[in-house]
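One file, model-v9.cif, carrying mmCIF, C-alpha atoms:
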```cif
data_my_file
#
loop_
_atom_site.label_atom_id
_atom_site.label_comp_id
_atom_site.auth_asym_id
_atom_site.auth_seq_id
_atom_site.Cartn_x
_atom_site.Cartn_y
_atom_site.Cartn_z
CA MET A 1 -131.00 155.73 181.08
CA LEU A 2 -132.70 154.18 178.05
CA ASP A 3 -132.58 150.78 179.71
CA GLY A 4 -135.86 150.78 181.57
CA PRO A 5 -137.87 147.74 182.57
CA HIS A 6 -139.33 146.00 179.53
CA PRO A 7 -142.99 146.73 178.99
CA PHE A 8 -145.68 144.08 179.26
CA VAL A 9 -146.01 142.18 175.99
CA PRO A 10 -149.57 141.19 175.12
CA PRO A 11 -149.72 137.39 174.89
CA ASP A 12 -151.39 137.34 171.49
CA LEU A 13 -148.82 139.59 169.84
CA ALA A 14 -147.03 136.72 168.10
CA LEU A 15 -150.29 135.26 166.80
CA ARG A 16 -151.52 138.60 165.50
CA ALA A 17 -148.19 139.33 163.83
CA ALA A 18 -148.09 135.85 162.28
CA ALA A 19 -151.63 136.21 160.92
CA ARG A 20 -150.78 139.57 159.43
CA GLY A 21 -147.54 138.21 158.02
CA ARG A 22 -149.40 135.32 156.42
CA ARG A 23 -151.81 137.75 154.74
CA LEU A 24 -148.85 139.79 153.54
CA LEU A 25 -147.19 136.68 152.16
CA LEU A 26 -150.38 135.61 150.36
CA ARG A 27 -150.77 139.04 148.84
CA ARG A 28 -147.16 139.05 147.67
CA ARG A 29 -147.55 135.60 146.15
CA ARG A 30 -150.76 136.62 144.37
CA LEU A 31 -149.06 139.72 142.97
CA GLU A 32 -146.10 137.65 141.85
CA ARG A 33 -148.36 135.14 140.13
CA ALA A 34 -150.34 137.91 138.43
CA GLY A 35 -147.08 139.43 137.18
CA TRP A 36 -145.90 136.14 135.68
CA LEU A 37 -149.31 135.58 134.08
CA LEU A 38 -149.20 139.04 132.53
CA LEU A 39 -145.71 138.38 131.18
CA PHE A 40 -146.80 135.05 129.73
CA LEU A 41 -149.86 136.57 128.06
CA ALA A 42 -147.74 139.37 126.60
CA ALA A 43 -145.30 136.81 125.19
CA VAL A 44 -148.15 134.81 123.62
CA ALA A 45 -149.72 137.94 122.13
CA PHE A 46 -146.38 139.04 120.70
CA THR A 47 -145.76 135.62 119.15
CA CYS A 48 -149.20 135.58 117.54
CA TRP A 49 -148.71 139.05 116.14
CA ALA A 50 -145.25 138.25 114.82
CA VAL A 51 -146.39 135.00 113.15
CA THR A 52 -149.39 136.57 111.42
CA GLN A 53 -147.84 139.91 110.44
CA GLN A 54 -144.26 138.77 109.75
CA PRO A 55 -142.81 142.26 110.28
CA TRP A 56 -139.36 141.17 109.05
CA MET A 57 -140.63 140.81 105.44
CA PRO A 58 -140.15 143.88 103.24
CA PRO A 59 -143.43 145.67 102.51
CA PRO A 60 -144.90 145.08 99.04
CA THR A 61 -143.82 147.81 96.63
CA ARG A 62 -146.39 150.46 95.85
CA THR A 63 -145.10 151.39 92.40
CA THR A 64 -144.56 149.08 89.46
CA PRO A 65 -141.03 149.05 88.04
CA PRO A 66 -140.61 151.05 84.83
CA LEU A 67 -141.51 149.06 81.77
CA GLU A 68 -138.83 149.29 79.12
CA GLY A 69 -137.77 147.64 75.86
CA TRP A 70 -140.82 146.31 74.18
CA MET B 1 -146.99 118.78 147.74
CA ARG B 2 -149.83 120.20 149.80
CA GLU B 3 -148.66 118.30 152.87
CA ARG B 4 -145.11 119.53 152.45
CA ARG B 5 -146.28 123.07 152.22
CA ALA B 6 -148.42 122.66 155.32
CA ALA B 7 -145.44 121.21 157.20
CA LEU B 8 -143.27 124.10 156.08
CA GLU B 9 -145.89 126.57 157.20
CA HIS B 10 -146.19 124.85 160.56
CA ARG B 11 -142.44 124.91 161.10
CA ARG B 12 -142.23 128.56 160.17
CA ALA B 13 -145.03 129.43 162.58
CA GLN B 14 -143.29 127.56 165.39
CA GLU B 15 -139.89 129.15 164.76
CA PHE B 16 -141.50 132.56 164.53
CA GLU B 17 -143.37 132.08 167.78
CA ALA B 18 -140.18 131.04 169.57
CA PHE B 19 -138.38 134.08 168.18
CA VAL B 20 -141.14 136.46 169.25
CA ALA B 21 -141.29 134.92 172.73
CA GLY B 22 -137.61 135.70 173.15
CA ALA B 23 -137.31 139.07 171.47
CA ALA B 24 -140.68 140.79 171.87
CA GLY B 25 -139.93 142.39 175.26
CA ARG B 26 -136.82 144.17 174.09
CA LEU B 27 -138.31 145.09 170.72
CA LEU B 28 -141.44 146.47 172.33
CA HIS B 29 -139.27 148.57 174.62
CA THR B 30 -137.42 149.89 171.56
CA ALA B 31 -140.73 150.69 169.89
CA THR B 32 -142.00 152.41 173.03
CA LEU B 33 -138.87 154.58 173.13
CA LEU B 34 -139.42 155.47 169.47
CA THR B 35 -143.08 156.42 169.83
CA ALA B 36 -142.25 158.18 173.14
CA GLU B 37 -145.12 156.59 174.97
CA PRO B 38 -144.76 156.42 178.75
CA SER B 39 -143.25 153.13 179.85
CA GLY B 40 -145.29 151.05 182.23
CA GLY B 41 -148.64 151.93 180.70
CA PRO B 42 -150.26 150.56 177.57
CA ALA B 43 -148.48 151.60 174.37
CA PRO B 44 -150.86 151.07 171.44
CA ALA B 45 -148.75 152.97 168.87
CA ALA B 46 -145.62 151.03 169.78
CA GLU B 47 -147.55 147.75 169.66
CA GLU B 48 -148.90 148.58 166.22
CA LEU B 49 -145.40 149.51 165.02
CA LEU B 50 -143.95 146.27 166.36
CA THR B 51 -146.77 144.12 165.00
CA SER B 52 -146.29 145.45 161.50
CA ALA B 53 -142.51 144.99 161.68
CA LEU B 54 -142.96 141.43 162.95
CA ALA B 55 -145.48 140.69 160.22
CA ARG B 56 -142.94 141.74 157.60
CA THR B 57 -140.31 139.58 159.24
CA TYR B 58 -142.74 136.66 159.18
CA ALA B 59 -143.43 137.24 155.48
CA SER B 60 -139.73 137.07 154.63
CA TRP B 61 -138.92 134.31 157.13
CA ASP B 62 -138.11 131.68 154.48
CA ARG B 63 -135.81 134.08 152.68
CA LEU B 64 -133.72 135.21 155.65
CA ARG B 65 -130.90 132.80 154.71
CA GLY B 66 -129.03 132.93 157.97
CA GLU B 67 -129.70 136.61 158.65
CA ASP B 68 -130.61 137.31 162.26
CA PRO B 69 -134.41 137.75 162.49
CA TYR B 70 -133.86 140.24 165.32
CA ASP B 71 -131.74 142.48 163.08
CA ARG B 72 -134.29 142.15 160.34
CA THR B 73 -137.17 143.13 162.61
CA ARG B 74 -135.20 146.08 163.96
CA GLN B 75 -134.57 147.22 160.39
CA GLU B 76 -138.24 146.91 159.53
CA LEU B 77 -139.15 148.76 162.72
CA ALA B 78 -136.73 151.62 161.97
CA GLY B 79 -137.81 151.82 158.34
CA HIS B 80 -141.50 151.83 159.16
CA PHE B 81 -140.99 154.42 161.89
CA ALA B 82 -138.95 156.64 159.54
CA ARG B 83 -141.70 156.49 156.91
CA THR B 84 -144.48 157.29 159.37
CA ALA B 85 -142.54 159.72 161.58
CA TRP B 86 -145.10 162.49 161.12
CA ARG B 87 -147.58 160.42 163.13
CA HIS B 88 -145.29 160.49 166.15
CA ARG B 89 -144.49 164.19 166.37
CA ARG B 90 -147.01 164.94 169.09
CA PRO B 91 -145.43 164.54 172.57
CA ARG B 92 -146.94 161.59 174.38
CA GLY B 93 -145.25 161.93 177.74
CA GLY B 94 -142.59 159.27 177.28
CA LEU B 95 -138.89 159.44 178.10
CA LEU B 96 -137.80 160.90 174.73
CA ASP B 97 -140.85 162.97 173.85
CA ARG B 98 -138.84 166.24 173.75
CA LEU B 99 -136.89 165.00 170.74
CA THR B 100 -138.00 164.99 167.13
CA PRO B 101 -138.86 161.56 165.70
CA GLN B 102 -135.63 161.49 163.68
CA GLU B 103 -133.50 162.31 166.72
CA ARG B 104 -135.30 159.63 168.69
CA LEU B 105 -134.70 157.08 165.95
CA VAL B 106 -130.99 157.85 165.72
CA LEU B 107 -130.55 157.92 169.48
CA VAL B 108 -132.34 154.63 170.02
CA LEU B 109 -130.53 152.85 167.19
CA ARG B 110 -127.11 154.14 168.24
CA LEU B 111 -127.27 154.03 172.01
CA TYR B 112 -129.97 151.53 172.98
CA GLU B 113 -129.55 149.06 170.15
CA GLY B 114 -125.83 149.73 169.71
CA VAL B 115 -125.91 149.86 165.91
CA ALA B 116 -122.71 151.27 164.39
CA GLU B 117 -122.81 154.81 163.05
CA GLU B 118 -122.16 153.82 159.44
CA GLN B 119 -124.80 151.12 159.58
CA THR B 120 -127.37 153.51 161.04
CA ALA B 121 -126.53 156.03 158.33
CA ALA B 122 -126.90 153.43 155.59
CA GLN B 123 -130.19 152.19 157.01
CA LEU B 124 -131.69 155.67 157.20
CA GLY B 125 -130.16 156.94 153.96
CA LEU B 126 -128.30 159.77 155.73
CA PRO B 127 -124.62 160.76 155.70
CA ALA B 128 -122.69 159.43 158.71
CA GLU B 129 -121.83 162.98 159.81
CA ARG B 130 -125.51 163.83 159.96
CA VAL B 131 -126.18 160.80 162.15
CA HIS B 132 -123.33 161.84 164.42
CA ALA B 133 -124.66 165.39 164.67
CA LEU B 134 -128.23 164.22 165.31
CA CYS B 135 -127.03 161.91 168.06
CA LEU B 136 -124.99 164.64 169.77
CA HIS B 137 -127.86 167.09 169.50
CA ALA B 138 -130.30 164.57 170.95
CA ILE B 139 -128.01 163.89 173.90
CA ALA B 140 -127.48 167.61 174.53
CA GLU B 141 -131.22 168.21 174.31
CA LEU B 142 -131.97 165.40 176.74
CA ARG B 143 -129.39 166.68 179.22
CA SER B 144 -130.53 170.29 178.99
CA THR B 145 -134.22 169.57 179.40
CA GLY B 146 -133.11 166.98 181.93
CA HIS B 147 -135.26 164.57 183.86
CA GLY B 148 -133.47 165.67 187.00
CA ALA B 149 -130.61 163.27 186.41
CA GLY B 150 -128.30 165.24 184.12
CA PRO B 151 -125.71 167.92 184.96
CA PRO B 152 -126.66 171.60 184.49
CA PRO B 153 -127.63 172.61 180.93
CA ALA B 154 -124.73 174.83 179.87
CA ALA B 155 -121.97 172.46 180.96
CA ALA B 156 -123.72 169.44 179.46
CA GLY B 157 -124.32 171.15 176.12
CA THR B 158 -120.71 172.23 175.60
CA GLY B 159 -119.40 168.95 176.96
CA ALA B 160 -121.40 166.88 174.52
CA VAL B 161 -120.41 168.98 171.52
CA ALA B 162 -116.74 169.06 172.47
CA SER B 163 -116.44 165.33 173.08
#
```
Let me see whether you can do it: turn the structure in this file into C-alpha coordinates.
Amino acid sequence: MLDGPHPFVPPDLALRAAARGRRLLLRRRRLERAGWLLLFLAAVAFTCWAVTQQPWMPPPTRTTPPLEGW
Amino acid sequence: MRERRAALEHRRAQEFEAFVAGAAGRLLHTATLLTAEPSGGPAPAAEELLTSALARTYASWDRLRGEDPYDRTRQELAGHFARTAWRHRRPRGGLLDRLTPQERLVLVLRLYEGVAEEQTAAQLGLPAERVHALCLHAIAELRSTGHGAGPPPAAAGTGAVAS
(Lines of atoms letter the chains of each structure in order from A and count residues from 1; the text may use other names and numbers.)
(Lines give C-alpha, C1' and ligand atoms only; values in the text may rest on other atoms or scores of the structure.)
Protein backbone atom coordinates (compact mmCIF):
# COMPACT_ATOMS: atom_id res chain seq x y z
CA MET A 1 0.00 0.00 0.00
CA LEU A 2 2.88 2.34 0.83
CA ASP A 3 4.59 1.41 -2.41
CA GLY A 4 3.14 3.99 -4.75
CA PRO A 5 4.76 5.31 -7.90
CA HIS A 6 7.82 7.40 -7.11
CA PRO A 7 7.20 11.12 -7.33
CA PHE A 8 8.86 13.33 -9.90
CA VAL A 9 12.31 14.41 -8.71
CA PRO A 10 13.26 17.95 -9.69
CA PRO A 11 16.39 17.78 -11.84
CA ASP A 12 18.31 20.35 -9.82
CA LEU A 13 17.78 18.61 -6.49
CA ALA A 14 21.28 17.12 -6.40
CA LEU A 15 22.89 20.46 -7.26
CA ARG A 16 20.90 22.34 -4.63
CA ALA A 17 21.66 19.72 -1.99
CA ALA A 18 25.35 19.73 -2.90
CA ALA A 19 25.54 23.53 -2.70
CA ARG A 20 23.84 23.49 0.68
CA GLY A 21 26.10 20.68 1.85
CA ARG A 22 29.16 22.63 0.77
CA ARG A 23 28.01 25.65 2.78
CA LEU A 24 27.40 23.38 5.76
CA LEU A 25 30.87 21.90 5.40
CA LEU A 26 32.48 25.35 5.17
CA ARG A 27 30.63 26.51 8.25
CA ARG A 28 31.68 23.41 10.17
CA ARG A 29 35.29 23.88 9.12
CA ARG A 30 35.24 27.55 10.13
CA LEU A 31 33.79 26.64 13.53
CA GLU A 32 36.40 23.94 13.98
CA ARG A 33 39.20 26.34 13.09
CA ALA A 34 37.83 28.99 15.45
CA GLY A 35 37.70 26.41 18.24
CA TRP A 36 41.32 25.40 17.73
CA LEU A 37 42.39 29.05 17.59
CA LEU A 38 40.59 29.74 20.86
CA LEU A 39 42.27 26.74 22.48
CA PHE A 40 45.67 27.87 21.24
CA LEU A 41 45.17 31.42 22.51
CA ALA A 42 44.03 30.10 25.89
CA ALA A 43 47.16 27.94 26.12
CA VAL A 44 49.40 30.91 25.26
CA ALA A 45 47.66 33.14 27.79
CA PHE A 46 47.98 30.49 30.49
CA THR A 47 51.68 30.00 29.77
CA CYS A 48 52.34 33.74 29.94
CA TRP A 49 50.48 34.03 33.21
CA ALA A 50 52.25 31.04 34.72
CA VAL A 51 55.72 32.29 33.68
CA THR A 52 55.21 35.80 35.05
CA GLN A 53 53.31 34.94 38.23
CA GLN A 54 54.98 31.62 39.10
CA PRO A 55 52.04 30.44 41.22
CA TRP A 56 53.98 27.40 42.48
CA MET A 57 56.31 29.62 44.58
CA PRO A 58 55.25 30.11 48.22
CA PRO A 59 53.94 33.62 48.87
CA PRO A 60 56.35 35.96 50.68
CA THR A 61 55.74 35.91 54.43
CA ARG A 62 53.84 38.85 55.85
CA THR A 63 55.31 38.71 59.36
CA THR A 64 58.96 38.82 60.31
CA PRO A 65 60.19 35.87 62.38
CA PRO A 66 60.58 36.60 66.09
CA LEU A 67 63.90 38.14 66.92
CA GLU A 68 65.58 36.38 69.81
CA GLY A 69 68.96 36.16 71.55
CA TRP A 70 70.72 39.42 71.12
CA MET B 1 47.74 21.20 -2.01
CA ARG B 2 45.09 23.45 -3.51
CA GLU B 3 44.87 21.25 -6.60
CA ARG B 4 44.50 18.12 -4.52
CA ARG B 5 41.72 19.66 -2.55
CA ALA B 6 39.96 20.75 -5.74
CA ALA B 7 40.29 17.23 -7.14
CA LEU B 8 38.88 15.77 -3.95
CA GLU B 9 35.99 18.19 -4.05
CA HIS B 10 35.30 17.32 -7.68
CA ARG B 11 35.30 13.60 -6.95
CA ARG B 12 32.99 14.04 -4.00
CA ALA B 13 30.58 16.09 -6.09
CA GLN B 14 30.54 13.43 -8.80
CA GLU B 15 30.00 10.54 -6.39
CA PHE B 16 27.28 12.48 -4.64
CA GLU B 17 25.51 13.27 -7.89
CA ALA B 18 25.58 9.61 -8.93
CA PHE B 19 24.19 8.60 -5.55
CA VAL B 20 21.38 11.16 -5.71
CA ALA B 21 20.49 10.14 -9.27
CA GLY B 22 19.99 6.59 -8.05
CA ALA B 23 18.36 7.13 -4.69
CA ALA B 24 16.42 10.39 -4.92
CA GLY B 25 13.19 8.86 -6.27
CA ARG B 26 12.79 6.41 -3.43
CA LEU B 27 13.94 8.90 -0.80
CA LEU B 28 11.56 11.55 -2.08
CA HIS B 29 8.73 9.03 -1.89
CA THR B 30 9.71 8.29 1.72
CA ALA B 31 9.75 12.01 2.48
CA THR B 32 6.37 12.47 0.81
CA LEU B 33 4.90 9.68 2.94
CA LEU B 34 6.34 11.35 6.05
CA THR B 35 5.01 14.82 5.29
CA ALA B 36 1.71 13.25 4.12
CA GLU B 37 1.58 15.29 0.97
CA PRO B 38 -0.52 13.84 -1.84
CA SER B 39 1.58 11.75 -4.20
CA GLY B 40 1.59 12.80 -7.81
CA GLY B 41 1.48 16.51 -7.12
CA PRO B 42 4.29 18.83 -6.08
CA ALA B 43 5.56 18.17 -2.56
CA PRO B 44 7.51 21.23 -1.38
CA ALA B 45 7.76 20.16 2.29
CA ALA B 46 9.06 16.72 1.35
CA GLU B 47 11.54 18.26 -1.09
CA GLU B 48 12.81 20.63 1.58
CA LEU B 49 13.15 17.74 4.05
CA LEU B 50 15.05 15.65 1.53
CA THR B 51 17.30 18.51 0.43
CA SER B 52 18.39 19.21 3.97
CA ALA B 53 19.02 15.51 4.66
CA LEU B 54 21.04 15.21 1.44
CA ALA B 55 23.02 18.33 2.30
CA ARG B 56 24.01 16.78 5.61
CA THR B 57 25.00 13.59 3.86
CA TYR B 58 27.11 15.62 1.45
CA ALA B 59 28.81 17.41 4.35
CA SER B 60 29.82 14.11 5.95
CA TRP B 61 30.59 12.35 2.67
CA ASP B 62 34.35 12.08 3.30
CA ARG B 63 33.75 10.65 6.75
CA LEU B 64 31.28 7.91 5.82
CA ARG B 65 34.04 5.26 5.89
CA GLY B 66 32.17 2.56 4.08
CA GLU B 67 28.78 3.36 5.59
CA ASP B 68 25.96 3.25 3.07
CA PRO B 69 25.09 6.84 2.05
CA TYR B 70 21.47 5.74 1.60
CA ASP B 71 21.25 4.60 5.23
CA ARG B 72 22.90 7.79 6.34
CA THR B 73 20.47 9.97 4.39
CA ARG B 74 17.52 7.99 5.74
CA GLN B 75 18.83 8.55 9.27
CA GLU B 76 19.22 12.26 8.65
CA LEU B 77 15.74 12.38 7.12
CA ALA B 78 14.17 10.59 10.10
CA GLY B 79 16.09 12.68 12.62
CA HIS B 80 15.21 15.96 10.94
CA PHE B 81 11.57 14.94 10.61
CA ALA B 82 11.42 13.90 14.28
CA ARG B 83 12.85 17.27 15.35
CA THR B 84 10.46 19.28 13.19
CA ALA B 85 7.40 17.04 13.58
CA TRP B 86 5.22 19.89 14.84
CA ARG B 87 5.41 21.45 11.38
CA HIS B 88 3.77 18.40 9.84
CA ARG B 89 0.78 17.95 12.12
CA ARG B 90 -1.70 19.63 9.82
CA PRO B 91 -3.31 17.08 7.45
CA ARG B 92 -2.22 17.69 3.89
CA GLY B 93 -4.33 15.15 2.08
CA GLY B 94 -1.68 12.48 1.60
CA LEU B 95 -1.94 8.74 2.16
CA LEU B 96 -0.97 8.83 5.86
CA ASP B 97 -2.38 12.19 6.88
CA ARG B 98 -4.71 10.64 9.50
CA LEU B 99 -1.73 9.52 11.56
CA THR B 100 0.34 11.63 13.92
CA PRO B 101 3.84 12.52 12.68
CA GLN B 102 5.42 10.03 15.07
CA GLU B 103 3.16 7.20 13.93
CA ARG B 104 3.93 8.08 10.32
CA LEU B 105 7.65 8.04 11.01
CA VAL B 106 7.55 4.66 12.72
CA LEU B 107 5.28 3.15 10.09
CA VAL B 108 7.39 4.37 7.19
CA LEU B 109 10.68 3.29 8.75
CA ARG B 110 9.36 -0.14 9.74
CA LEU B 111 7.17 -1.09 6.82
CA TYR B 112 8.30 0.95 3.81
CA GLU B 113 12.01 1.12 4.55
CA GLY B 114 12.11 -2.22 6.37
CA VAL B 115 14.28 -1.03 9.25
CA ALA B 116 14.39 -3.49 12.15
CA GLU B 117 12.38 -2.66 15.25
CA GLU B 118 15.40 -2.33 17.54
CA GLN B 119 17.20 -0.12 15.04
CA THR B 120 14.16 2.13 14.65
CA ALA B 121 13.88 2.38 18.42
CA ALA B 122 17.55 3.26 18.79
CA GLN B 123 17.36 5.86 16.04
CA LEU B 124 14.33 7.58 17.55
CA GLY B 125 15.42 7.19 21.16
CA LEU B 126 12.30 5.19 22.09
CA PRO B 127 11.90 1.79 23.78
CA ALA B 128 11.33 -1.05 21.30
CA GLU B 129 7.94 -1.83 22.86
CA ARG B 130 6.81 1.71 22.18
CA VAL B 131 7.84 1.41 18.54
CA HIS B 132 5.93 -1.86 18.31
CA ALA B 133 2.84 -0.31 19.87
CA LEU B 134 3.03 2.78 17.65
CA CYS B 135 3.32 0.61 14.56
CA LEU B 136 0.33 -1.55 15.51
CA HIS B 137 -1.73 1.50 16.36
CA ALA B 138 -0.85 3.15 13.06
CA ILE B 139 -1.86 0.05 11.11
CA ALA B 140 -5.13 -0.27 13.04
CA GLU B 141 -5.85 3.41 12.47
CA LEU B 142 -5.16 3.14 8.76
CA ARG B 143 -7.40 0.10 8.43
CA SER B 144 -10.25 1.61 10.44
CA THR B 145 -10.29 4.93 8.63
CA GLY B 146 -9.64 2.88 5.52
CA HIS B 147 -9.10 4.13 2.00
CA GLY B 148 -11.69 1.63 0.85
CA ALA B 149 -9.14 -1.16 0.67
CA GLY B 150 -9.09 -2.51 4.23
CA PRO B 151 -11.47 -4.95 5.97
CA PRO B 152 -14.20 -3.54 8.25
CA PRO B 153 -12.96 -1.48 11.23
CA ALA B 154 -13.79 -3.72 14.19
CA ALA B 155 -12.29 -6.89 12.75
CA ALA B 156 -9.17 -5.09 11.55
CA GLY B 157 -8.58 -3.39 14.90
CA THR B 158 -8.77 -6.56 16.98
CA GLY B 159 -6.85 -8.53 14.37
CA ALA B 160 -3.94 -6.12 14.37
CA VAL B 161 -3.71 -5.98 18.15
CA ALA B 162 -3.97 -9.74 18.56
CA SER B 163 -1.35 -10.58 15.95
Subject >> Shell of 10 Å around Glu48 in chain B, all atoms listed in the file, local chain residues under 3 positions omitted, as a PyMOL selection string >> reply: (chain A and resi 13+17) or (chain B and resi 28+31+43-45+51-54)
**OP:** Please determine the residues with any atom at most 8 Å from (-140.1, 159.5, 171.2) (coordinates as given in the file, with only C-alpha atoms counting) and report them as a PyMOL selection string.
**Re:** chain B and resi 32-37+88+91-92+94-101+104-105
**OP:** Please identify every residue of chain A that has at least one atom no more than 7 Å from any atom of chain B, counting only C-alpha atoms, and report them as a list in words.
**Re:** Leu2, His6, Pro7, Val9, Leu13, Ala14, Ala17, Ala18, Arg20, Gly21, Arg22, Leu24 and Leu25 of chain A
Subject >> Long-range neighbours of Leu134 in chain B as a PyMOL selection string, 9 Å cut-off, all atoms listed in the file, 5 positions minimum in chain >> reply: chain B and resi 102-103+106-107+129+139
Original post:
So which one's closest to Thr73 in chain B, B:Ala121, B:Leu49, B:Leu142, B:Val131? Using all atoms listed in the file, please.
Top reply: B:Leu49
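The spacing separating CA of Met1 in chain A from CA of Arg83 in chain B amounts to 26.4 Å.
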